[in-house]
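Okay, data-v3.txt is below, compact mmCIF, C-alpha atoms:
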# COMPACT_ATOMS: atom_id res chain seq x y z
CA MET P 1 2.79 -42.58 12.49
CA LYS P 2 1.94 -39.81 10.06
CA VAL P 3 4.66 -37.73 8.40
CA ALA P 4 3.93 -34.39 6.68
CA LEU P 5 6.12 -33.38 3.71
CA THR P 6 6.06 -30.05 1.87
CA ALA P 7 5.43 -30.61 -1.85
CA ALA P 8 4.74 -28.91 -5.16
CA GLY P 9 2.24 -31.52 -6.33
CA ASN P 10 -0.07 -34.34 -5.29
CA SER P 11 2.08 -37.46 -5.15
CA LEU P 12 5.30 -38.93 -3.79
CA GLU P 13 6.85 -38.29 -7.22
CA SER P 14 6.12 -34.55 -6.97
CA PRO P 15 8.94 -32.05 -6.44
CA PHE P 16 9.77 -31.42 -2.80
CA ASP P 17 8.97 -27.81 -1.81
CA SER P 18 11.60 -26.30 0.50
CA ARG P 19 9.14 -23.64 1.69
CA PHE P 20 6.85 -24.47 4.59
CA GLY P 21 4.09 -21.86 4.92
CA ARG P 22 3.83 -21.27 1.19
CA ALA P 23 4.31 -24.84 0.03
CA GLN P 24 1.78 -25.80 -2.64
CA THR P 25 0.62 -28.95 -0.81
CA PHE P 26 1.39 -31.15 2.16
CA ILE P 27 1.74 -34.86 1.47
CA ILE P 28 0.74 -36.77 4.60
CA TYR P 29 2.35 -40.22 4.56
CA ASP P 30 1.13 -42.87 6.98
CA THR P 31 4.04 -45.21 7.76
CA ASP P 32 1.70 -47.89 9.18
CA THR P 33 -0.62 -48.20 6.17
CA GLU P 34 1.92 -46.88 3.61
CA THR P 35 -0.75 -44.59 2.16
CA THR P 36 -0.68 -40.89 1.32
CA THR P 37 -3.24 -38.13 1.60
CA VAL P 38 -2.84 -34.65 0.13
CA LEU P 39 -3.56 -31.40 1.99
CA ASP P 40 -4.05 -28.43 -0.31
CA ASN P 41 -2.26 -25.30 0.96
CA ALA P 42 -3.45 -22.87 -1.75
CA GLN P 43 -5.26 -20.64 0.74
CA ASN P 44 -2.09 -20.08 2.76
CA LEU P 45 0.03 -19.86 -0.37
CA ASN P 46 -1.91 -16.74 -1.31
CA SER P 47 -2.58 -15.25 2.12
CA ALA P 48 -1.28 -11.76 2.87
CA GLN P 49 0.27 -12.80 6.16
CA GLY P 50 0.46 -15.64 8.65
CA ALA P 51 0.92 -18.42 6.07
CA GLY P 52 3.34 -20.26 8.34
CA ILE P 53 1.02 -20.17 11.34
CA GLN P 54 -1.97 -21.56 9.47
CA ALA P 55 0.15 -24.10 7.57
CA ALA P 56 1.38 -25.33 10.95
CA GLN P 57 -2.22 -25.51 12.13
CA HIS P 58 -3.10 -27.69 9.10
CA VAL P 59 -0.18 -30.00 9.74
CA LEU P 60 -1.03 -30.50 13.38
CA ASP P 61 -4.73 -30.96 12.58
CA SER P 62 -3.77 -33.71 10.12
CA GLY P 63 -2.43 -35.76 13.03
CA ALA P 64 1.13 -35.76 11.69
CA THR P 65 3.77 -36.18 14.40
CA ALA P 66 6.72 -35.47 12.12
CA LEU P 67 7.30 -32.74 9.53
CA ILE P 68 9.86 -32.79 6.73
CA THR P 69 10.51 -29.45 5.05
CA GLY P 70 13.28 -27.18 3.77
CA HIS P 71 12.97 -24.12 5.99
CA LEU P 72 10.88 -23.04 8.95
CA GLY P 73 10.22 -19.49 10.15
CA PRO P 74 9.87 -18.45 13.81
CA LYS P 75 6.06 -18.26 14.01
CA ALA P 76 5.47 -21.59 12.28
CA ALA P 77 8.16 -23.09 14.49
CA LYS P 78 6.40 -21.81 17.61
CA VAL P 79 3.19 -23.64 16.64
CA ILE P 80 4.92 -26.81 15.40
CA PHE P 81 7.15 -27.21 18.45
CA ALA P 82 4.36 -26.30 20.90
CA ALA P 83 2.36 -29.12 19.32
CA GLY P 84 5.28 -31.50 19.91
CA ILE P 85 5.85 -32.25 16.22
CA ASP P 86 9.38 -33.33 15.27
CA VAL P 87 10.84 -31.42 12.33
CA TYR P 88 13.42 -32.72 9.87
CA GLN P 89 15.24 -30.65 7.28
CA THR P 90 16.27 -31.67 3.78
CA ASP P 91 16.97 -30.25 0.34
CA ALA P 92 15.71 -33.38 -1.45
CA GLU P 93 14.42 -32.97 -4.99
CA THR P 94 11.32 -35.12 -4.71
CA VAL P 95 8.94 -36.05 -1.91
CA ALA P 96 9.88 -39.74 -2.34
CA GLN P 97 13.57 -38.93 -1.90
CA ALA P 98 12.84 -36.93 1.26
CA LEU P 99 10.74 -39.77 2.63
CA ALA P 100 13.44 -42.37 1.83
CA MET P 101 16.02 -40.30 3.69
CA PHE P 102 13.65 -39.99 6.64
CA THR P 103 12.92 -43.72 6.85
CA SER P 104 16.63 -44.54 6.64
CA LYS P 105 17.19 -42.05 9.50
CA ALA P 106 19.48 -39.90 7.35
CA LEU P 107 17.72 -36.64 8.31
CA LYS P 108 18.71 -34.58 11.32
CA PRO P 109 15.99 -33.09 13.53
CA MET P 110 15.66 -29.28 13.60
CA LYS P 111 15.80 -27.60 17.01
CA GLY P 112 14.04 -24.40 15.99
CA ALA P 113 13.41 -21.92 13.18
CA ASP P 114 16.24 -21.68 10.65
CA VAL P 115 15.11 -18.50 8.86
CA ASP P 116 13.88 -15.08 10.02
CA GLY P 117 10.26 -14.08 9.87
CA HIS P 118 9.02 -12.66 6.60
CA TRP P 119 5.91 -10.58 6.11
CA VAL P 120 5.19 -11.45 2.50
CA MET S 1 -3.11 23.86 6.09
CA ARG S 2 -1.90 20.27 5.94
CA ILE S 3 0.52 19.33 3.18
CA ALA S 4 1.86 15.80 2.72
CA ILE S 5 5.19 15.21 1.00
CA ALA S 6 5.11 11.77 -0.61
CA SER S 7 6.55 9.78 -3.50
CA GLY S 8 6.22 6.37 -4.99
CA LYS S 9 9.89 5.53 -5.10
CA GLY S 10 12.00 5.81 -1.95
CA GLY S 11 14.99 8.12 -1.81
CA THR S 12 13.63 10.78 -4.16
CA GLY S 13 13.86 13.53 -1.54
CA LYS S 14 10.70 13.58 0.60
CA THR S 15 12.55 14.37 3.79
CA PHE S 16 14.86 16.79 1.98
CA VAL S 17 11.89 18.78 0.69
CA THR S 18 10.03 18.58 4.02
CA VAL S 19 12.80 19.85 6.28
CA ASN S 20 14.01 22.56 3.89
CA LEU S 21 10.45 23.81 3.37
CA ALA S 22 9.85 23.86 7.13
CA ARG S 23 13.01 25.87 7.78
CA SER S 24 12.44 28.27 4.86
CA LEU S 25 8.98 29.36 5.97
CA GLY S 26 10.33 31.26 8.97
CA ILE S 27 7.01 30.99 10.80
CA SER S 28 5.63 28.44 13.28
CA VAL S 29 5.26 25.14 11.44
CA THR S 30 4.72 21.54 12.52
CA VAL S 31 6.48 18.66 10.79
CA LEU S 32 4.91 15.22 11.22
CA ASP S 33 7.46 12.53 10.41
CA CYS S 34 5.15 9.69 9.36
CA ASP S 35 7.92 7.59 7.83
CA VAL S 36 7.74 5.57 11.05
CA GLU S 37 9.88 2.67 9.87
CA GLU S 38 12.84 4.99 9.47
CA PRO S 39 12.06 8.55 10.55
CA ASN S 40 14.97 10.88 9.84
CA SER S 41 13.68 14.47 9.81
CA ASN S 42 15.23 14.84 13.25
CA LEU S 43 18.70 14.36 11.76
CA PHE S 44 18.28 17.72 10.01
CA LEU S 45 16.09 19.68 12.42
CA HIS S 46 18.11 18.81 15.58
CA GLY S 47 15.24 19.61 17.95
CA ASP S 48 15.15 19.64 21.75
CA LEU S 49 13.02 16.96 23.36
CA VAL S 50 9.58 18.21 24.43
CA SER S 51 7.64 15.01 25.16
CA GLN S 52 7.51 11.33 24.41
CA SER S 53 4.71 8.75 24.54
CA ARG S 54 4.29 5.09 23.70
CA VAL S 55 1.84 3.77 21.09
CA SER S 56 -0.28 0.73 21.93
CA VAL S 57 -2.82 -1.34 20.02
CA CYS S 58 -5.39 -3.76 21.44
CA VAL S 59 -4.66 -7.48 21.09
CA PRO S 60 -6.55 -10.50 22.43
CA HIS S 61 -5.52 -12.24 25.65
CA VAL S 62 -6.83 -15.72 26.46
CA LEU S 63 -8.44 -16.39 29.83
CA GLU S 64 -7.43 -20.03 30.04
CA ASP S 65 -10.00 -21.01 32.68
CA ALA S 66 -12.87 -19.84 30.48
CA CYS S 67 -11.50 -21.08 27.14
CA THR S 68 -12.82 -24.39 25.79
CA GLY S 69 -10.61 -24.47 22.70
CA CYS S 70 -13.64 -24.21 20.42
CA ARG S 71 -11.62 -22.42 17.69
CA VAL S 72 -14.27 -19.80 16.89
CA CYS S 73 -11.61 -17.10 17.34
CA ALA S 74 -8.98 -18.80 15.15
CA ASP S 75 -11.48 -19.54 12.39
CA ALA S 76 -12.78 -15.95 12.39
CA CYS S 77 -9.37 -14.25 12.38
CA GLN S 78 -8.68 -12.78 8.94
CA PHE S 79 -5.03 -12.17 9.78
CA ASN S 80 -3.98 -15.73 10.72
CA ALA S 81 -3.01 -14.44 14.15
CA ILE S 82 -4.40 -17.31 16.23
CA ALA S 83 -3.48 -21.00 16.16
CA VAL S 84 -5.08 -23.62 18.41
CA ILE S 85 -2.84 -26.37 19.74
CA GLY S 86 -4.81 -29.14 21.32
CA ARG S 87 -7.44 -27.00 23.02
CA LYS S 88 -5.18 -24.04 23.71
CA PRO S 89 -5.22 -20.88 21.54
CA LEU S 90 -1.83 -19.37 20.77
CA VAL S 91 -2.04 -15.64 19.92
CA PHE S 92 0.53 -13.98 17.64
CA GLU S 93 0.28 -10.35 18.75
CA ASP S 94 2.38 -9.03 15.88
CA MET S 95 -0.02 -10.43 13.29
CA CYS S 96 -3.09 -8.90 14.98
CA HIS S 97 -4.78 -5.91 13.31
CA SER S 98 -6.92 -5.12 16.39
CA CYS S 99 -10.19 -5.70 14.50
CA GLY S 100 -11.82 -7.14 17.63
CA VAL S 101 -13.65 -9.95 15.84
CA CYS S 102 -12.21 -12.67 18.11
CA THR S 103 -13.15 -10.97 21.37
CA THR S 104 -16.61 -10.16 19.98
CA LEU S 105 -17.37 -13.68 18.71
CA CYS S 106 -15.90 -15.75 21.57
CA PRO S 107 -18.93 -17.69 22.92
CA HIS S 108 -17.31 -18.20 26.32
CA ASP S 109 -16.06 -14.66 27.06
CA ALA S 110 -12.59 -16.18 27.20
CA LEU S 111 -10.86 -13.38 25.26
CA ILE S 112 -10.19 -9.89 26.55
CA GLU S 113 -8.36 -7.04 24.85
CA VAL S 114 -5.05 -5.95 26.33
CA PRO S 115 -2.67 -3.20 25.17
CA HIS S 116 0.36 -4.21 23.10
CA GLU S 117 3.09 -1.60 22.62
CA ILE S 118 4.35 -1.12 19.06
CA GLY S 119 6.06 2.26 18.88
CA THR S 120 6.91 5.70 20.21
CA VAL S 121 5.85 9.25 19.37
CA THR S 122 8.40 11.94 20.15
CA VAL S 123 7.86 15.72 20.03
CA ARG S 124 10.85 18.01 19.52
CA GLN S 125 11.20 21.75 19.06
CA SER S 126 13.81 23.33 16.79
CA GLN S 127 13.61 27.12 16.37
CA HIS S 128 10.14 27.73 14.91
CA VAL S 129 9.73 24.11 13.80
CA SER S 130 7.82 21.66 15.98
CA LEU S 131 8.66 18.08 14.99
CA VAL S 132 6.43 15.11 15.82
CA GLU S 133 8.18 11.86 15.02
CA GLY S 134 6.67 8.36 14.96
CA LEU S 135 8.96 5.36 15.41
CA LEU S 136 7.75 1.80 14.96
CA ASP S 137 9.49 -0.68 17.29
CA VAL S 138 11.93 -3.07 15.61
CA GLY S 139 10.16 -6.26 14.62
CA LYS S 140 6.67 -4.74 14.57
CA ALA S 141 4.68 -4.69 11.35
CA LEU S 142 1.83 -2.25 11.86
CA ALA S 143 2.90 1.27 10.90
CA VAL S 144 -0.60 2.73 10.60
CA PRO S 145 -1.49 2.97 14.32
CA VAL S 146 1.77 4.86 14.92
CA ILE S 147 1.05 7.20 11.98
CA ARG S 148 -2.46 7.80 13.31
CA GLN S 149 -1.07 8.78 16.70
CA VAL S 150 1.47 11.13 15.08
CA LYS S 151 -1.27 12.83 13.05
CA GLY S 152 -3.47 12.99 16.14
CA GLN S 153 -0.93 15.27 17.85
CA VAL S 154 -2.13 18.20 15.75
CA GLY S 155 -5.68 19.46 16.20
CA ALA S 156 -7.88 20.06 13.15
CA ASP S 157 -8.12 23.75 14.12
CA THR S 158 -4.38 24.46 14.06
CA ASP S 159 -3.70 27.76 12.29
CA HIS S 160 -0.09 27.17 11.23
CA PRO S 161 1.15 24.97 8.37
CA VAL S 162 1.56 21.24 8.97
CA LEU S 163 4.03 19.35 6.77
CA ILE S 164 3.72 15.58 6.68
CA ASP S 165 6.78 13.54 5.68
CA ALA S 166 5.06 10.44 4.27
CA PRO S 167 6.52 6.94 4.03
CA PRO S 168 7.58 5.75 0.55
CA GLY S 169 5.45 3.42 -1.53
CA THR S 170 1.70 3.42 -2.05
CA SER S 171 0.47 0.98 0.60
CA CYS S 172 -1.61 1.62 3.74
CA PRO S 173 1.00 3.72 5.62
CA MET S 174 1.33 6.15 2.69
CA VAL S 175 -2.46 6.32 2.26
CA TRP S 176 -2.94 7.11 5.97
CA ALA S 177 -0.22 9.76 5.81
CA VAL S 178 -1.77 11.65 2.86
CA ASP S 179 -5.42 11.15 3.82
CA GLY S 180 -7.14 14.34 4.98
CA CYS S 181 -4.42 16.68 3.66
CA ASP S 182 -5.16 19.83 1.69
CA ALA S 183 -2.57 18.91 -0.94
CA VAL S 184 0.09 16.30 -1.63
CA VAL S 185 3.53 17.07 -3.01
CA LEU S 186 4.89 14.08 -4.94
CA VAL S 187 8.68 14.25 -5.12
CA ALA S 188 10.14 12.58 -8.21
CA GLU S 189 13.54 12.20 -9.87
CA PRO S 190 13.80 12.48 -13.65
CA THR S 191 14.47 8.75 -14.03
CA ALA S 192 12.57 5.76 -15.38
CA PHE S 193 12.30 4.11 -11.95
CA SER S 194 10.99 7.24 -10.32
CA LEU S 195 8.47 7.87 -13.11
CA HIS S 196 7.14 4.33 -12.82
CA ASP S 197 6.54 4.68 -9.09
CA LEU S 198 5.26 8.25 -9.51
CA THR S 199 2.43 6.97 -11.72
CA LEU S 200 1.48 4.51 -8.94
CA ALA S 201 1.54 7.34 -6.39
CA VAL S 202 -0.61 9.53 -8.68
CA ASP S 203 -3.18 6.73 -9.00
CA THR S 204 -3.23 6.30 -5.22
CA VAL S 205 -3.54 9.99 -4.38
CA GLN S 206 -6.32 10.39 -6.96
CA GLU S 207 -8.17 7.54 -5.30
CA VAL S 208 -7.72 9.15 -1.87
CA GLY S 209 -9.12 12.32 -3.40
CA VAL S 210 -6.50 14.93 -2.50
CA SER S 211 -5.06 17.64 -4.78
CA PHE S 212 -1.49 16.96 -5.81
CA GLY S 213 1.45 18.30 -7.75
CA VAL S 214 4.98 17.18 -8.49
CA VAL S 215 8.36 18.48 -7.37
CA ILE S 216 11.19 17.36 -9.63
CA ASN S 217 14.28 16.74 -7.55
CA LYS S 218 17.80 16.29 -8.98
CA ASP S 219 16.60 18.15 -12.07
CA GLY S 220 19.22 17.86 -14.80
CA LEU S 221 19.97 14.26 -13.99
CA GLY S 222 18.39 11.67 -16.30
CA ASP S 223 15.97 13.07 -18.86
CA ASP S 224 12.70 15.00 -19.18
CA ARG S 225 10.34 12.02 -18.94
CA VAL S 226 8.80 13.09 -15.61
CA ALA S 227 8.12 16.61 -16.90
CA ARG S 228 6.60 15.21 -20.11
CA TYR S 229 4.40 12.87 -18.08
CA CYS S 230 3.18 15.74 -15.87
CA GLU S 231 2.45 17.86 -18.94
CA SER S 232 0.47 15.12 -20.67
CA GLU S 233 -1.53 14.36 -17.50
CA GLY S 234 -2.11 18.02 -16.59
CA ILE S 235 -0.26 17.65 -13.26
CA PRO S 236 1.22 20.93 -11.97
CA ILE S 237 4.99 21.03 -11.41
CA LEU S 238 5.39 22.83 -8.09
CA GLY S 239 9.13 23.25 -8.25
CA ARG S 240 12.39 21.95 -9.62
CA ILE S 241 15.44 21.36 -7.45
CA PRO S 242 18.62 21.22 -9.51
CA PHE S 243 20.99 18.27 -9.42
CA ASP S 244 23.69 19.97 -7.35
CA LEU S 245 26.55 18.19 -5.62
CA ASP S 246 26.62 20.94 -2.96
CA ILE S 247 23.13 19.92 -1.85
CA ALA S 248 24.22 16.31 -1.44
CA ARG S 249 27.39 17.32 0.44
CA ARG S 250 25.49 19.45 2.94
CA TYR S 251 22.67 16.91 3.33
CA ALA S 252 25.24 14.19 4.12
CA THR S 253 26.43 16.25 7.11
CA GLY S 254 22.91 16.84 8.41
CA ALA S 255 22.89 20.51 7.34
CA LEU S 256 20.08 22.31 5.52
CA ILE S 257 20.94 23.92 2.19
CA VAL S 258 18.45 26.75 2.83
CA ASP S 259 20.48 27.82 5.88
CA LYS S 260 23.56 28.35 3.68
CA GLU S 261 22.28 29.37 0.28
CA PRO S 262 19.69 32.17 0.00
CA ARG S 263 18.91 31.18 -3.59
CA TYR S 264 17.65 27.81 -2.34
CA ARG S 265 15.60 29.50 0.34
CA ASP S 266 13.95 31.52 -2.45
CA LEU S 267 13.42 28.33 -4.44
CA PHE S 268 11.62 26.66 -1.51
CA LEU S 269 9.55 29.78 -0.77
CA GLN S 270 8.41 29.86 -4.40
CA MET S 271 7.59 26.17 -4.15
CA TRP S 272 5.54 26.90 -1.03
CA GLN S 273 3.55 29.54 -2.92
CA SER S 274 2.73 27.00 -5.63
CA ILE S 275 1.75 24.44 -2.98
CA THR S 276 -0.54 26.79 -1.06
CA HIS S 277 -2.12 27.94 -4.32
CA LEU S 278 -2.81 24.32 -5.27
CA ALA S 279 -4.29 23.60 -1.83
CA GLN S 280 -6.53 26.66 -2.00
CA ILE S 281 -7.94 26.14 -5.48
CA GLY S 282 -8.60 22.45 -4.79
CA GLY S 283 -6.50 21.74 -7.87
CA ASN S 284 -6.87 18.50 -9.70
CA ARG S 285 -8.88 16.65 -7.09
CA ASP S 286 -11.21 14.21 -8.78
CA GLU S 287 -14.52 14.63 -6.94
CA SER S 288 -16.02 11.55 -8.58
CA LEU S 289 -13.49 9.39 -6.77
CA ALA S 290 -13.37 11.26 -3.49
What's the structure tokens form of this structure?
Amino acid sequence: MKVALTAAGNSLESPFDSRFGRAQTFIIYDTDTETTTVLDNAQNLNSAQGAGIQAAQHVLDSGATALITGHLGPKAAKVIFAAGIDVYQTDAETVAQALAMFTSKALKPMKGADVDGHWV
Amino acid sequence: MRIAIASGKGGTGKTFVTVNLARSLGISVTVLDCDVEEPNSNLFLHGDLVSQSRVSVCVPHVLEDACTGCRVCADACQFNAIAVIGRKPLVFEDMCHSCGVCTTLCPHDALIEVPHEIGTVTVRQSQHVSLVEGLLDVGKALAVPVIRQVKGQVGADTDHPVLIDAPPGTSCPMVWAVDGCDAVVLVAEPTAFSLHDLTLAVDTVQEVGVSFGVVINKDGLGDDRVARYCESEGIPILGRIPFDLDIARRYATGALIVDKEPRYRDLFLQMWQSITHLAQIGGNRDESLA
């Protein structure tokens, strides 16, 4: 399965980014092949509005079936949950730490958005 | 004559100036409350309800039988308002700016435009003051269509003064509120914060191409930096309202100072003379930018 993690860099050693829509990158980790690919999120990072919606679109287009992030707003949550992606919340410091917690089943699934919508 | 009362910084006294001017004039006047995220002129004018109407914008609606999930609409949307899950578009109405690009480009005629309500326009009458108030629904983001509908309530040929209470800031809602006016009154406090935002408002109003002047509110508070700025930039000062605790006391109860204190009525009438003069001479409008 593929797991998407919000990151501020290009590798598993990069800092974990608690923001979803305006995360710098998404690290897509394939648990079967143990390989990573990087999705650049710069366009959404700088968009005037709708960053969460398009970030969610990127994640679901990547084929990820799980998402690990810090916070999720209502619009992003609508897309992510409609696509049937499981979401896990953490305040890990690095992507590798977040992934380790996920694989050891230490992360609890989120049931919905945990923050209000924000326009900027 | 259409006069907008604006500012950069919030809380400098736009509504205070608007409602006291309107009451002072003593003739038929229309107030357009374009601060649609928090309109409050009605708190001071206490008008009787005349009419009320809802404001709608057009948003796309997906005809699922016709849609193939081709994503042309989502890719074309400049406002990130459409996501496609599997082969099903998901429309976020609140993000939509009603540009119509999705419905125009859809190769399968699977998108139609439907109305989406975002606010209310209310007309009230209080003595000689007619008040048109726009109110954006809670949770909606697009103030401009509501402002446009408020401004549309007054015909271009109206022969009595129209005072527009503009929203704070210098973004689209403020630009739409001041656009097409004969003059803009920028209300400022003699403080560093207010001066900073005043300079932004001056830049914006110059770009829009409307004559403008400054009213210094709470004069006596702070220092003379706003007056010095106006002098160095050649911006007319249309009036000064003293920093007076009595004004604040009355305002806090929803009363108008001009109803109680003749000297303030005179102050606002003098201000009105300066404003109408500015509007008539075309003032400092920069034609090269207009």
Q.
With all atoms listed in the file as the counted atoms, please give the residues lying no more than 10 Å from segment 17-22 of chain S, apart from itself and same-chain residues fewer than 2 positions off, as a count of residues only.
A. 51
Q | Surrounding residues of Ile112 of chain S excluding itself and chain neighbours under 2 positions, 10 Å, only C-alpha atoms, as a PyMOL selection string | A | chain S and resi 58-63+100+102-104+106+109-110+114
**Q.** Computed interatomic separation between atom CA of Glu38 of chain S and atom CA of Asn80 of chain S (Å)
**A.**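 Here the two named atoms are 26.7 Å from each other.
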Q: Could the residues of chain P within 7 Å of chain S, counting only C-alpha atoms, be given as an MDAnalysis selection string, please?
A: chainID P and resid 49:50 53:54 57 83
Q: Find the residue from P:Asn46, P:Thr90, P:Thr103, P:Asn41 that sits nearest to Thr69 of chain P; use all atoms listed in the file when measuring.
A: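 The answer is P:Thr90, which sits nearest to Thr69 of chain P.
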**Q.** Gap from atom CA of Ala106 of chain P to atom CA of Phe20 of chain P - Å, one decimal
**A.** 20.1 Å
Q | atom CA of Glu133 of chain S to atom CA of Thr120 of chain S, straight-line distance in Å | A |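 Result for atom CA of Thr120 of chain S versus atom CA of Glu133 of chain S: 8.2 Å, one decimal.
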Q: Find the residue from P:Met101, P:Ala96, P:Ala64, P:Val115 that sits nearest to Ala77 of chain P; use all atoms listed in the file when measuring.
A: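 Closest candidate: P:Val115.
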**Q.** Selection: 8 Å around Lys88 of chain S, all atoms listed in the file, excl. self and same-chain fewer than 4 positions, as a VMD selection string
**A.** chain S and resid 64 67 to 69 84
Q.
Just checking: using all atoms listed in the file, which residue out of P:Leu67, P:Ala48, P:Ala8, P:Ala92 ends up closest to Pro109 of chain P?
A. P:Leu67
Q: Give the answer as one residue: which of P:Thr35, P:Asp86, P:Leu72, P:Thr65 has the shortest atom-to-atom distance to Gly52 of chain P, using all atoms listed in the file?
A: P:Leu72
Q | Nearest to Val154 of chain S by atom-to-atom distance, counting all atoms listed in the file, from S:Leu142, S:Met1, S:Ala66, S:Val72 | A |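 Closest residue, counting all atoms listed in the file: S:Met1.
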Q.
What's around Lys140 of chain S at 12 Å? Count all atoms listed in the file, leave out sequence neighbours fewer than 6 positions away in its own chain, and write the answer as an MDAnalysis selection string.
A. (chainID P and resid 117:119) or (chainID S and resid 36:37 55:57 92:97 116:120 146)
Reconstruct N, CA and C atoms of segment 162-179 of chain S from the incomplete input and present them as a compact mmCIF listing (two decimals), keeping the file's coordinate frame.
# COMPACT_ATOMS: atom_id res chain seq x y z
N VAL S 162 1.13 22.57 8.53
CA VAL S 162 1.56 21.24 8.97
C VAL S 162 2.13 20.52 7.76
N LEU S 163 3.39 20.09 7.86
CA LEU S 163 4.03 19.35 6.77
C LEU S 163 4.18 17.89 7.18
N ILE S 164 3.69 17.00 6.35
CA ILE S 164 3.72 15.58 6.68
C ILE S 164 4.72 14.86 5.79
N ASP S 165 5.78 14.33 6.41
CA ASP S 165 6.78 13.54 5.68
C ASP S 165 6.24 12.11 5.61
N ALA S 166 5.75 11.72 4.42
CA ALA S 166 5.06 10.44 4.27
C ALA S 166 6.06 9.31 4.04
N PRO S 167 5.64 8.08 4.35
CA PRO S 167 6.52 6.94 4.03
C PRO S 167 6.52 6.69 2.52
N PRO S 168 7.56 6.05 1.99
CA PRO S 168 7.58 5.75 0.55
C PRO S 168 6.56 4.67 0.21
N GLY S 169 6.38 4.46 -1.09
CA GLY S 169 5.45 3.42 -1.53
C GLY S 169 4.04 3.94 -1.65
N THR S 170 3.10 3.03 -1.87
CA THR S 170 1.70 3.42 -2.05
C THR S 170 0.79 2.52 -1.24
N SER S 171 1.32 1.87 -0.19
CA SER S 171 0.47 0.98 0.60
C SER S 171 -0.17 1.73 1.76
N CYS S 172 -0.82 1.00 2.68
CA CYS S 172 -1.61 1.62 3.74
C CYS S 172 -0.89 2.77 4.47
N PRO S 173 0.37 2.62 4.88
CA PRO S 173 1.00 3.72 5.62
C PRO S 173 1.02 5.03 4.82
N MET S 174 1.32 4.95 3.53
CA MET S 174 1.33 6.15 2.69
C MET S 174 -0.08 6.72 2.58
N VAL S 175 -1.08 5.86 2.39
CA VAL S 175 -2.46 6.32 2.26
C VAL S 175 -2.90 7.05 3.53
N TRP S 176 -2.56 6.48 4.70
CA TRP S 176 -2.94 7.11 5.97
C TRP S 176 -2.22 8.44 6.16
N ALA S 177 -0.98 8.52 5.65
CA ALA S 177 -0.22 9.76 5.81
C ALA S 177 -0.82 10.89 4.97
N VAL S 178 -1.28 10.59 3.75
CA VAL S 178 -1.77 11.65 2.86
C VAL S 178 -3.26 11.94 3.06
N ASP S 179 -3.98 10.99 3.67
CA ASP S 179 -5.42 11.15 3.82
C ASP S 179 -5.74 12.39 4.67
